[in-house]
Structure formats: structure tokens, C-alpha cells
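Raw contents of query_4.txt, compact mmCIF, C-alpha atoms:
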```
# COMPACT_ATOMS: atom_id res chain seq x y z
CA MET A 27 12.85 -16.24 25.13
CA PRO A 28 14.54 -15.79 28.53
CA ILE A 29 13.69 -12.55 30.29
CA LYS A 30 15.20 -10.77 33.25
CA ALA A 31 13.58 -11.17 36.64
CA SER A 32 12.75 -7.46 36.78
CA SER A 33 10.98 -7.63 33.41
CA ALA A 34 9.16 -10.80 34.46
CA ARG A 35 7.82 -9.06 37.56
CA GLN A 36 6.63 -6.09 35.53
CA ILE A 37 4.92 -8.38 33.02
CA ASP A 38 3.21 -10.32 35.82
CA THR A 39 1.93 -7.07 37.32
CA LEU A 40 0.58 -5.94 33.97
CA ILE A 41 -1.04 -9.32 33.33
CA ALA A 42 -2.85 -8.92 36.63
CA ASP A 43 -3.96 -5.44 35.59
CA LEU A 44 -5.71 -6.92 32.52
CA GLY A 45 -8.33 -8.24 34.93
CA SER A 46 -8.95 -4.85 36.55
CA ASP A 47 -12.48 -3.53 36.91
CA ARG A 48 -11.26 -0.21 35.49
CA SER A 49 -11.03 -0.04 31.69
CA ALA A 50 -8.33 2.64 31.87
CA THR A 51 -6.11 0.29 33.89
CA ARG A 52 -6.69 -2.53 31.42
CA GLU A 53 -5.90 -0.35 28.39
CA ALA A 54 -2.75 0.99 30.00
CA ALA A 55 -1.64 -2.58 30.70
CA VAL A 56 -2.28 -3.56 27.06
CA ALA A 57 -0.17 -0.66 25.86
CA ARG A 58 2.73 -1.46 28.18
CA LEU A 59 2.62 -5.20 27.42
CA THR A 60 2.84 -4.34 23.74
CA LEU A 61 6.12 -2.59 24.42
CA PHE A 62 7.47 -5.79 25.97
CA GLY A 63 6.66 -7.54 22.70
CA ALA A 64 7.67 -11.19 22.37
CA ARG A 65 8.73 -11.33 26.02
CA ALA A 66 5.08 -11.00 27.10
CA VAL A 67 3.58 -13.56 24.72
CA ASP A 68 3.95 -16.68 26.90
CA ARG A 69 2.28 -15.02 29.89
CA LEU A 70 -0.54 -13.68 27.72
CA LEU A 71 -1.17 -17.16 26.33
CA LEU A 72 -1.22 -18.60 29.85
CA LEU A 73 -3.90 -16.08 30.75
CA LEU A 74 -6.02 -17.24 27.84
CA ASP A 75 -5.58 -20.88 28.88
CA ALA A 76 -6.38 -20.12 32.53
CA GLY A 77 -9.86 -18.93 31.63
CA GLY A 78 -9.75 -15.55 33.36
CA SER A 79 -12.52 -12.99 33.22
CA CYS A 80 -14.04 -11.97 29.89
CA GLU A 81 -12.43 -8.52 30.18
CA ALA A 82 -8.97 -9.95 30.93
CA ARG A 83 -9.05 -12.40 28.01
CA ALA A 84 -10.27 -9.76 25.57
CA ALA A 85 -7.52 -7.40 26.74
CA ALA A 86 -4.92 -10.16 26.38
CA LEU A 87 -6.05 -10.72 22.79
CA ARG A 88 -5.70 -7.01 22.04
CA ALA A 89 -2.14 -7.15 23.32
CA LEU A 90 -1.43 -10.24 21.21
CA GLU A 91 -2.86 -8.46 18.18
CA ALA A 92 -0.47 -5.56 18.67
CA ILE A 93 2.53 -7.85 19.24
CA ALA A 94 1.65 -10.09 16.26
CA ASP A 95 3.88 -12.97 17.36
CA PRO A 96 3.25 -16.13 15.24
CA ARG A 97 3.29 -18.28 18.39
CA ALA A 98 -0.10 -16.85 19.30
CA LEU A 99 -1.99 -17.82 16.16
CA ASP A 100 -3.40 -21.20 17.28
CA ARG A 101 -4.59 -19.82 20.61
CA VAL A 102 -6.09 -16.78 18.92
CA LEU A 103 -8.03 -18.96 16.48
CA ASP A 104 -9.25 -21.18 19.34
CA ALA A 105 -10.57 -18.05 21.05
CA LEU A 106 -12.85 -17.45 18.06
CA ASP A 107 -15.05 -20.14 19.60
CA ALA A 108 -15.21 -18.46 23.02
CA ALA A 109 -18.66 -18.33 24.59
CA ASP A 110 -18.21 -14.66 25.48
CA PRO A 111 -18.79 -12.50 22.36
CA PRO A 112 -16.29 -9.77 23.42
CA VAL A 113 -13.55 -12.41 23.63
CA ALA A 114 -14.45 -13.95 20.28
CA CYS A 115 -14.59 -10.49 18.67
CA ALA A 116 -11.17 -9.64 20.06
CA ALA A 117 -9.88 -12.95 18.71
CA ALA A 118 -11.17 -12.11 15.23
CA ALA A 119 -9.40 -8.77 15.30
CA ALA A 120 -6.19 -10.44 16.50
CA ALA A 121 -6.36 -13.04 13.72
CA ARG A 122 -6.33 -10.27 11.14
CA VAL A 123 -2.61 -9.59 11.61
CA PHE A 124 -1.75 -13.16 10.60
CA LEU A 125 -3.64 -13.25 7.29
CA ARG A 126 -0.54 -12.59 5.20
CA GLY A 127 1.83 -14.65 7.30
CA PRO A 128 3.13 -18.18 6.66
CA ARG A 129 -0.11 -19.69 8.01
CA GLY A 130 -2.43 -17.12 6.58
CA THR A 131 -4.57 -19.76 4.86
CA VAL A 132 -5.40 -21.32 8.22
CA ALA A 133 -6.48 -17.95 9.60
CA VAL A 134 -8.59 -17.21 6.52
CA ASP A 135 -10.35 -20.58 6.76
CA ARG A 136 -11.19 -20.19 10.43
CA LEU A 137 -12.43 -16.63 10.01
CA THR A 138 -14.52 -17.60 6.99
CA THR A 139 -16.07 -20.45 8.96
CA ALA A 140 -16.96 -18.01 11.73
CA VAL A 141 -18.55 -15.57 9.29
CA LEU A 142 -20.74 -18.26 7.67
CA ASP A 143 -21.84 -19.87 10.95
CA THR A 144 -25.38 -18.56 11.39
CA ALA A 145 -25.54 -20.04 14.88
CA ARG A 146 -22.88 -17.62 16.12
CA ASN A 147 -23.43 -14.23 17.66
CA ASP A 148 -23.86 -11.55 14.96
CA ASP A 149 -21.20 -9.33 16.50
CA VAL A 150 -18.67 -12.16 16.28
CA ARG A 151 -19.57 -12.90 12.66
CA ILE A 152 -19.24 -9.23 11.73
CA ALA A 153 -15.89 -8.96 13.55
CA ALA A 154 -14.62 -11.95 11.55
CA LEU A 155 -15.85 -10.36 8.32
CA ARG A 156 -14.04 -7.13 9.15
CA ALA A 157 -10.87 -9.09 9.82
CA LEU A 158 -11.09 -10.60 6.33
CA ASP A 159 -11.49 -7.17 4.77
CA ASP A 160 -7.72 -7.01 4.29
CA LEU A 161 -8.03 -9.58 1.49
CA GLU A 162 -8.36 -8.66 -2.17
CA ARG A 163 -11.87 -8.06 -3.48
CA SER A 164 -11.58 -11.04 -5.85
CA THR A 165 -10.83 -13.33 -2.89
CA LEU A 166 -13.71 -11.98 -0.83
CA ALA A 167 -16.27 -11.98 -3.66
CA PRO A 168 -17.58 -15.56 -3.16
CA LEU A 169 -18.03 -14.98 0.57
CA LEU A 170 -19.84 -11.69 0.02
CA ASP A 171 -22.12 -13.33 -2.56
CA ALA A 172 -23.01 -16.07 -0.08
CA LEU A 173 -23.80 -13.52 2.62
CA ASP A 174 -26.31 -11.76 0.35
CA ARG A 175 -28.71 -14.56 1.33
CA ASP A 176 -27.82 -14.56 5.02
CA PRO A 177 -30.76 -14.62 7.46
CA SER A 178 -29.18 -11.93 9.65
CA ASP A 179 -30.00 -8.35 8.64
CA ALA A 180 -27.01 -7.09 10.65
CA VAL A 181 -24.60 -9.37 8.79
CA LYS A 182 -26.09 -8.43 5.41
CA ALA A 183 -25.68 -4.74 6.25
CA ALA A 184 -22.05 -5.34 7.23
CA THR A 185 -21.54 -7.21 3.95
CA LYS A 186 -22.71 -4.20 1.96
CA ARG A 187 -20.29 -1.95 3.84
CA THR A 188 -17.46 -4.38 3.11
CA ALA A 189 -18.42 -4.67 -0.57
CA ALA A 190 -18.37 -0.89 -0.97
CA VAL A 191 -14.67 -0.35 -1.50
CA ASP A 192 -13.30 2.76 0.17
CA PRO A 193 -10.58 4.08 -2.16
CA VAL A 194 -8.75 5.81 0.68
CA GLU A 195 -8.60 2.51 2.55
CA VAL A 196 -7.34 0.73 -0.58
CA VAL A 197 -4.43 3.17 -0.85
CA ARG A 198 -3.73 3.08 2.88
CA ARG A 199 -3.72 -0.71 2.87
CA ALA A 200 -1.35 -0.77 -0.10
CA ALA A 201 1.03 1.55 1.71
CA ASP A 202 0.89 -0.08 5.13
CA ARG A 203 0.30 -3.76 4.44
CA GLY A 204 1.23 -4.52 0.85
CA LEU A 205 0.03 -4.08 -2.71
CA PRO A 206 -3.16 -5.72 -3.98
CA GLN A 207 -2.94 -8.37 -6.67
CA ASP A 208 -4.85 -6.20 -9.14
CA PRO A 209 -2.95 -3.04 -10.19
CA GLY A 210 -6.14 -1.63 -11.70
CA GLU A 211 -7.80 -1.58 -8.28
CA LEU A 212 -5.02 0.55 -6.83
CA ALA A 213 -4.83 2.78 -9.90
CA GLU A 214 -8.55 3.56 -9.63
CA ALA A 215 -8.26 4.19 -5.89
CA LEU A 216 -5.40 6.63 -6.46
CA THR A 217 -7.45 8.50 -9.03
CA ARG A 218 -10.49 8.69 -6.77
CA ALA A 219 -8.79 9.35 -3.45
CA GLY A 220 -5.33 10.73 -4.15
CA ALA A 221 -6.36 14.13 -2.83
CA SER A 222 -7.39 12.63 0.52
CA VAL A 223 -4.46 10.33 1.27
CA ALA A 224 -1.60 11.45 3.51
CA LEU A 225 1.49 12.37 1.49
CA PRO A 226 3.82 9.87 3.24
CA LEU A 227 1.40 7.07 2.31
CA LEU A 228 1.53 8.08 -1.36
CA LEU A 229 5.31 8.05 -1.21
CA ARG A 230 5.25 4.59 0.38
CA VAL A 231 2.98 3.33 -2.40
CA ILE A 232 5.47 4.63 -4.97
CA GLU A 233 8.31 2.81 -3.26
CA ARG A 234 6.35 -0.44 -2.94
CA VAL A 235 5.25 -0.34 -6.58
CA ARG A 236 8.77 0.39 -7.74
CA GLU A 237 9.98 -2.73 -5.93
CA ARG A 238 7.11 -4.77 -7.40
CA GLU A 239 7.88 -3.74 -10.98
CA VAL A 240 11.32 -5.35 -10.87
CA SER A 241 9.87 -8.84 -10.33
CA GLU A 242 7.06 -8.64 -12.91
CA ALA A 243 6.90 -9.80 -16.52
CA PRO A 244 6.86 -6.93 -19.08
CA ALA A 245 3.06 -6.76 -19.50
CA ALA A 246 2.33 -6.71 -15.77
CA ARG A 247 5.28 -4.39 -15.16
CA ALA A 248 3.73 -1.81 -17.48
CA GLU A 249 0.50 -1.88 -15.47
CA TRP A 250 2.34 -1.33 -12.21
CA THR A 251 4.43 1.47 -13.75
CA MET A 252 1.19 3.20 -14.65
CA VAL A 253 0.07 2.85 -11.03
CA ARG A 254 3.29 4.50 -9.91
CA GLY A 255 2.58 7.33 -12.33
CA ARG A 256 -0.90 7.79 -10.82
CA ALA A 257 0.64 8.11 -7.37
CA HIS A 258 3.06 10.72 -8.72
CA MET A 259 0.15 12.65 -10.21
CA ALA A 260 -1.63 12.61 -6.84
CA LEU A 261 1.47 14.03 -5.16
CA ALA A 262 1.99 16.64 -7.86
CA ALA A 263 -1.62 17.79 -7.63
CA ARG A 264 -1.02 18.45 -3.94
CA GLY A 265 2.08 20.51 -4.73
CA SER A 266 4.36 17.93 -3.15
CA ARG A 267 7.88 17.28 -4.40
CA ILE A 268 8.81 14.52 -1.96
CA ALA A 269 9.06 11.94 -4.76
CA LEU A 270 10.80 13.97 -7.46
CA TYR A 271 13.83 11.72 -7.02
CA ASP A 272 11.77 8.82 -8.36
CA LEU A 273 10.55 10.83 -11.36
CA ARG A 274 14.13 11.73 -12.21
CA GLU A 275 15.34 8.15 -11.83
CA ALA A 276 12.43 6.84 -13.90
CA LEU A 277 13.38 9.16 -16.75
CA GLU A 278 17.02 8.18 -16.50
CA ALA A 279 16.13 4.47 -16.66
CA ALA A 280 13.54 4.81 -19.43
CA PRO A 281 14.49 3.24 -22.77
CA ALA A 282 15.02 5.50 -25.76
CA THR A 283 12.52 3.53 -27.86
CA THR A 284 9.21 1.81 -27.29
CA SER A 285 7.82 -1.60 -28.07
CA PRO A 286 7.19 -2.39 -31.75
CA THR A 287 3.58 -3.15 -30.83
CA SER A 288 2.96 0.34 -29.40
CA THR A 289 0.68 2.78 -31.14
CA ALA A 290 2.62 5.73 -32.55
CA SER A 291 0.19 8.35 -31.30
CA THR A 292 0.27 7.19 -27.69
CA ALA A 293 3.46 5.21 -27.23
CA ALA A 294 6.03 6.37 -24.71
CA PRO A 295 8.84 4.76 -22.73
CA LEU A 296 6.95 5.86 -19.61
CA PRO A 297 3.21 6.32 -19.00
CA VAL A 298 1.93 9.82 -19.62
CA GLU A 299 1.22 10.18 -15.90
CA PHE A 300 4.95 10.62 -15.27
CA LEU A 301 5.12 13.51 -17.69
CA ALA A 302 1.99 15.08 -16.21
CA ALA A 303 3.51 14.91 -12.73
CA LEU A 304 6.78 16.42 -13.96
CA SER A 305 4.92 19.20 -15.73
CA THR A 306 2.97 20.02 -12.56
CA ALA A 307 5.62 19.65 -9.86
CA GLY A 308 9.00 19.31 -11.58
CA ASP A 309 11.72 21.76 -10.60
CA VAL A 310 15.21 22.65 -11.73
CA SER A 311 16.56 19.35 -10.39
CA CYS A 312 14.53 17.50 -13.02
CA LEU A 313 15.73 19.40 -16.09
CA GLU A 314 18.89 17.39 -16.71
CA SER A 315 16.93 14.13 -16.66
CA VAL A 316 14.36 15.54 -19.08
CA ALA A 317 17.04 16.85 -21.44
CA ALA A 318 18.98 13.57 -21.33
CA ALA A 319 15.83 11.54 -22.12
CA TYR A 320 15.07 13.87 -25.03
CA ALA A 321 18.61 13.49 -26.39
CA ARG A 322 18.51 9.69 -26.15
CA SER A 323 15.23 9.57 -28.04
CA ALA A 324 16.54 11.93 -30.72
CA ALA A 325 19.68 9.80 -31.15
CA ALA A 326 17.57 6.64 -31.42
CA ALA A 327 15.44 8.27 -34.11
CA ILE A 328 18.53 9.07 -36.16
CA ALA A 329 19.93 5.56 -35.67
CA HIS A 330 16.68 3.96 -36.83
CA LYS A 331 15.96 6.35 -39.69
CA GLY A 332 14.89 4.42 -42.74
CA ARG A 333 14.72 1.10 -40.86
CA GLY A 334 11.12 1.31 -39.71
CA GLY A 335 10.22 0.00 -36.26
CA PRO A 336 9.85 1.91 -33.02
CA GLY A 337 13.03 3.96 -33.09
CA ASP A 338 11.48 7.36 -33.85
CA ASN A 339 9.09 8.36 -31.07
CA ALA A 340 8.34 11.96 -31.96
CA TRP A 341 5.34 12.05 -29.61
CA TRP A 342 7.54 11.24 -26.62
CA ARG A 343 10.09 13.92 -27.54
CA ASP A 344 7.38 16.52 -28.05
CA ARG A 345 6.00 15.83 -24.58
CA LEU A 346 9.48 15.99 -23.03
CA ALA A 347 10.04 19.32 -24.73
CA ASP A 348 6.73 20.60 -23.33
CA VAL A 349 7.74 19.51 -19.83
CA PHE A 350 11.14 21.18 -20.19
CA LYS A 351 9.61 24.47 -21.30
CA THR A 352 6.99 24.37 -18.54
CA ILE A 353 9.58 23.87 -15.80
CA VAL A 354 11.91 26.54 -17.21
CA LYS A 355 9.08 29.03 -17.28
CA ARG A 356 7.78 28.16 -13.81
CA GLU A 357 11.25 28.33 -12.26
CA GLN A 358 12.02 31.56 -14.20
CA LEU A 359 15.35 30.23 -15.42
CA THR A 360 17.52 32.09 -17.88
CA ALA A 361 20.29 30.83 -20.16
CA ARG A 362 22.82 32.05 -17.59
CA HIS A 363 21.62 29.65 -14.90
CA ALA A 364 24.24 27.01 -14.10
CA VAL A 365 21.94 24.08 -14.91
CA MET A 366 20.84 25.67 -18.17
CA ARG A 367 24.47 26.20 -19.18
CA LYS A 368 25.25 22.57 -18.37
CA ILE A 369 22.31 21.33 -20.41
CA GLN A 370 23.26 23.59 -23.32
CA LYS A 371 26.71 22.01 -23.33
CA ARG A 372 25.74 18.33 -22.87
CA TRP A 373 22.27 18.04 -24.45
CA PRO A 374 21.82 20.99 -26.83
CA GLU A 375 19.09 19.19 -28.80
CA ILE A 376 16.30 20.22 -26.45
CA PHE A 377 17.22 23.91 -26.67
CA ARG A 378 16.07 23.91 -30.29
CA THR A 379 12.51 23.35 -29.01
CA VAL A 380 12.53 26.17 -26.45
```

Represent the supplied structure as C-alpha cells.
Amino acid sequence: MPIKASSARQIDTLIADLGSDRSATREAAVARLTLFGARAVDRLLLLLDAGGSCEARAAALRALEAIADPRALDRVLDALDAADPPVACAAAAAARVFLRGPRGTVAVDRLTTAVLDTARNDDVRIAALRALDDLERSTLAPLLDALDRDPSDAVKAATKRTAAVDPVEVVRRAADRGLPQDPGELAEALTRAGASVALPLLLRVIERVREREVSEAPAARAEWTMVRGRAHMALAARGSRIALYDLREALEAAPATTSPTSTASTAAPLPVEFLAALSTAGDVSCLESVAAAYARSAAAAIAHKGRGGPGDNAWWRDRLADVFKTIVKREQLTARHAVMRKIQKRWPEIFRTV
């Protein structure tokens, strides 16, 4: 990528600062090189090849980690074999950002080799293990099992910390880096740590899961929909309404009937978590969606009367009616409210339950 002469001079100055004896100067240079992004990559790679000081090479790797340019991957992986442990540790951390890229398998293999190499420095092995921590538990399991018999006490201790899944980290990783393969893992993490996760992260999880559902087969889609419901419950328990739009849209898109294989006592077009979240945090903006879903279910019951099958889902309608009444009471709405008048006109069925 061609760069202006003025930018080139600034980058050269910052590259020189990476070799400073003062850590504050080095860290400031890393931060500013990160802002240059791809324009700084070639000069950072030259520094690695030139064999500068340990501090300069480690700082260059931190900058490459932040920039995450694919051109750096081979040089980063080569640096895993550096004789200086701080450089090799920085290389392991930098490799982490490439795990889910086009050549992620190469990065995983090299990091795994570093972890299992008992001749390496323990700090380097532990840094490589931490880099792999972004992978799903099922992928890491064989490596963690092998490390149970490792001769290094430090590595075994790090293995136990990695094996102990932090639910907050699971949710944060799902929001920032992508969903795990196992929806159950994320659902459990949301249940355990929903009260501790930042609200924007919960919203991001909802948006990611919603996108995932579209591409899944029906059985897997249902599992991911339940995960989305858990995230909504976590938000509702915190009194947050930042994702009410998704609750409304989920109700509007929900089918009027359920699968013929569903159990009558528990079946619902949406997981119960959605209704629980609506009951806890729903406001007047949700009432039309609730009333419309109730009316569709009632119409389906009439259409399927006497035919058998899943058409009559009384349980679902009862729960919708409960949600409607709860929101009306919490919002202190009367029949004269504009939304209530609109619902009375378009979906009068639900008023018979109030």
C-alpha cells in the first residue's frame, strides 16, 4: 500500500521509538502505529526480520496484534520460536487474532505445537495456551486432557484455569468475536452471568443469534432461539428495554401454531423466555404485538377445530393474555388510552381475557 512521504517519516520515527529504553515511549509508539494500521505493517515486519532488541520486537508484535493484518501471520508464527521469551509470548498473543481467519488452522497448529513442547519456556507455553482459549471447549478438550500429565506444574495450573469456563467471558466472546458452536454453552453462560455482563454486550449477542437462526435447520434454530430468549431475560432482569424491538418483532414473526410433535402443555411458537422477558420489561409499545399474536393463535384454533393437530395452542394464548394484563397493569393504562382503543378495534379477542 503506497503511503505519503509525511506518513512514512512518522512511521519510521515510531518504529525507532519501539527500541526506546523507556517503556512509556514504546507503548505510545505501539498505540500510534496501530492508528496507521495497514500502512505500518511492512515496516513492522522489517523490524522483526532485522533482529532488533527484544523490547523492540515484542512491541512490534503488540502493534501487529492490534492491526491484525493477514500479511503478518507467517512472521508472527515464526516469532513463536524466538529465543527471547518476551518476544515469543508477544507472538503467541498476536497469533490469537488470526485463529478465526482464512488460515486459522495454521495458527491453531503452531500454537498447539508450542503448548505441547515441554522443552520450551513455561511462560511461552502458557501464552500459547491462553491464545487458544478463544476456541470452543470441545476443540480444546483433547489438548487440556494431554496437559493434565504435563511435567510442568505451572502449565498444569494454567490448564486448570483454562478448563474452568468463565461464563462472563463466554458471553463477552460471543458478543465480540462470534458465537460458539454449542448453543447450550452460551445459554448456560447467560443464565449464570447475565447479571454481570454489560448491557450492550447482551444486545450484541441477541443480534448475532438472530442472524445465526436464519441459516440454521429447524432443530438447531430452536436451540438458538432459546438462547436469544435467555439474553432477553438477562436484559429484562436488569430493567433494560434496549432490545424490546426484537421482542416485538419476534412475536410478529412467530407462527400461529406449533409443531405437531410439540407437547401440548409446554408447546409455544416462541420459547417461554420471550414471554418472561416481555412480562418483566415489556411496555406499551409491545401491546399491539402481543394482541396480534393472541388473535392469530385464536383464529388458528378456530380454523383447526375438529381436525386435530397443533392448531389449538391454548397454553400459548393463556401466557400471552397474562403478559398483556401484566403490562397494562404496570403501565397503568385505561381503556381510553390510544393504544388500548386501537387494540380494542383491531384485536378485540384479547380484551375478553382482561

Give me, as JSON lines, the closest atom pair and its distance (Å, one decimal) for every residue of range 246-345 of chain A within a cut-off of 9 Å of range 203-219 of chain A, counting only C-alpha atoms, rows sorted by chain and rising number.
```
{"residue": "A:Ala246", "atom": "CA", "partner": "A:Pro209", "partner_atom": "CA", "distance": 8.5}
{"residue": "A:Glu249", "atom": "CA", "partner": "A:Pro209", "partner_atom": "CA", "distance": 6.4}
{"residue": "A:Trp250", "atom": "CA", "partner": "A:Pro209", "partner_atom": "CA", "distance": 5.9}
{"residue": "A:Met252", "atom": "CA", "partner": "A:Ala213", "partner_atom": "CA", "distance": 7.7}
{"residue": "A:Val253", "atom": "CA", "partner": "A:Ala213", "partner_atom": "CA", "distance": 5.0}
{"residue": "A:Arg254", "atom": "CA", "partner": "A:Ala213", "partner_atom": "CA", "distance": 8.3}
{"residue": "A:Arg256", "atom": "CA", "partner": "A:Leu216", "partner_atom": "CA", "distance": 6.4}
{"residue": "A:Ala257", "atom": "CA", "partner": "A:Leu216", "partner_atom": "CA", "distance": 6.3}
{"residue": "A:Met259", "atom": "CA", "partner": "A:Thr217", "partner_atom": "CA", "distance": 8.7}
{"residue": "A:Ala260", "atom": "CA", "partner": "A:Leu216", "partner_atom": "CA", "distance": 7.1}
```

Set the distance at 9 Å and use all atoms listed in the file: which residues neighbour Ala248 in chain A once local chain neighbours fewer than 6 positions away are removed? I'd like the list as a PDB file with C-alpha atoms, keeping the file's coordinate frame.
```
ATOM      1  CA  GLU A 239       7.880  -3.740 -10.980  1.00  0.00           C
ATOM      2  CA  GLU A 242       7.060  -8.640 -12.910  1.00  0.00           C
ATOM      3  CA  LEU A 296       6.950   5.860 -19.610  1.00  0.00           C
ATOM      4  CA  PRO A 297       3.210   6.320 -19.000  1.00  0.00           C
TER       5      PRO A 297
END
```

Name the closest residue to Ile353 in chain A among the candidates A:Ser311, A:Ser266, A:Thr165, A:Thr144; distances are taken between atoms, counting all atoms listed in the file. A:Ser311

Polymer residues at most 7 Å from Val113 in chain A, all atoms listed in the file, same-chain spacing of 3 or more positions, as a PDB file with C-alpha atoms, in the coordinates of the input:
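The resulting file, selection-v7.pdb, is shown below:
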```
ATOM      1  CA  CYS A  80     -14.040 -11.970  29.890  1.00  0.00           C
ATOM      2  CA  ARG A  83      -9.050 -12.400  28.010  1.00  0.00           C
ATOM      3  CA  ALA A  84     -10.270  -9.760  25.570  1.00  0.00           C
ATOM      4  CA  ALA A 105     -10.570 -18.050  21.050  1.00  0.00           C
ATOM      5  CA  ALA A 108     -15.210 -18.460  23.020  1.00  0.00           C
ATOM      6  CA  ASP A 110     -18.210 -14.660  25.480  1.00  0.00           C
ATOM      7  CA  ALA A 116     -11.170  -9.640  20.060  1.00  0.00           C
ATOM      8  CA  ALA A 117      -9.880 -12.950  18.710  1.00  0.00           C
TER       9      ALA A 117
END
```

Counting only C-alpha atoms, the option among A:Leu225, A:Ile152, A:Ala34, A:Leu301 closest to Arg65 in chain A: A:Ala34

Can you tell me which residues surround Phe62 in chain A at a distance of at most 12 Å, considering all atoms listed in the file, apart from same-chain residues fewer than 2 positions away, and format the answer as an mmCIF file with C-alpha atoms, in the frame of the given file?
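Now in selection_12.cif:
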```cif
data_model
loop_
_atom_site.group_PDB
_atom_site.id
_atom_site.type_symbol
_atom_site.label_atom_id
_atom_site.label_comp_id
_atom_site.auth_asym_id
_atom_site.auth_seq_id
_atom_site.Cartn_x
_atom_site.Cartn_y
_atom_site.Cartn_z
ATOM 1 C CA MET A 27 12.850 -16.240 25.130
ATOM 2 C CA ILE A 29 13.690 -12.550 30.290
ATOM 3 C CA LYS A 30 15.200 -10.770 33.250
ATOM 4 C CA SER A 33 10.980 -7.630 33.410
ATOM 5 C CA ALA A 34 9.160 -10.800 34.460
ATOM 6 C CA GLN A 36 6.630 -6.090 35.530
ATOM 7 C CA ILE A 37 4.920 -8.380 33.020
ATOM 8 C CA ASP A 38 3.210 -10.320 35.820
ATOM 9 C CA LEU A 40 0.580 -5.940 33.970
ATOM 10 C CA ILE A 41 -1.040 -9.320 33.330
ATOM 11 C CA ALA A 55 -1.640 -2.580 30.700
ATOM 12 C CA VAL A 56 -2.280 -3.560 27.060
ATOM 13 C CA ALA A 57 -0.170 -0.660 25.860
ATOM 14 C CA ARG A 58 2.730 -1.460 28.180
ATOM 15 C CA LEU A 59 2.620 -5.200 27.420
ATOM 16 C CA THR A 60 2.840 -4.340 23.740
ATOM 17 C CA ALA A 64 7.670 -11.190 22.370
ATOM 18 C CA ARG A 65 8.730 -11.330 26.020
ATOM 19 C CA ALA A 66 5.080 -11.000 27.100
ATOM 20 C CA VAL A 67 3.580 -13.560 24.720
ATOM 21 C CA ASP A 68 3.950 -16.680 26.900
ATOM 22 C CA ARG A 69 2.280 -15.020 29.890
ATOM 23 C CA LEU A 70 -0.540 -13.680 27.720
ATOM 24 C CA ALA A 89 -2.140 -7.150 23.320
ATOM 25 C CA LEU A 90 -1.430 -10.240 21.210
ATOM 26 C CA ALA A 92 -0.470 -5.560 18.670
ATOM 27 C CA ILE A 93 2.530 -7.850 19.240
ATOM 28 C CA ASP A 95 3.880 -12.970 17.360
#
```

Can you measure CA of Arg151 in chain A to CA of Cys115 in chain A for me? One decimal in Å is fine. 8.2 Å

Of the residues A:Asp174, A:Asp107, A:Asp309, A:Glu91, which is the one nearest to Asn147 in chain A, using only C-alpha atoms?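 Residue with the minimum atom-to-atom distance to Asn147 in chain A: A:Asp107.
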
Go through A:Ile376, A:Ala327, A:Leu125, A:Ala245 one by one, measure the shortest atom-to-atom distance of each to Asp344 in chain A using all atoms listed in the file, and give the residue with the smallest value.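 That would be A:Ile376, the residue with the smallest distance to Asp344 in chain A.
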
List the spatial neighbours of Phe350 in chain A as a list in words - criterion: any atom at most 10 Å away, only C-alpha atoms, same-chain residues fewer than 4 positions off excluded.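 These residues fall inside the cut-off: Leu304, Ser305, Gly308, Asp309, Val310, Cys312, Leu313, Glu314, Ser315, Val316, Ala317, Tyr320, Asp344, Arg345, Leu346, Val354, Lys355, Ile376, Phe377, Thr379 and Val380 of chain A.
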
Answer as a PyMOL selection string, residues within 12 Å of (-23.2, -16.3, 3.6) using only C-alpha atoms: chain A and resi 138-144+151-152+155+166-179+181-182+184-185

Do you have the CA of Gly255 in chain A-CA of Leu227 in chain A distance handy? 14.7 Å
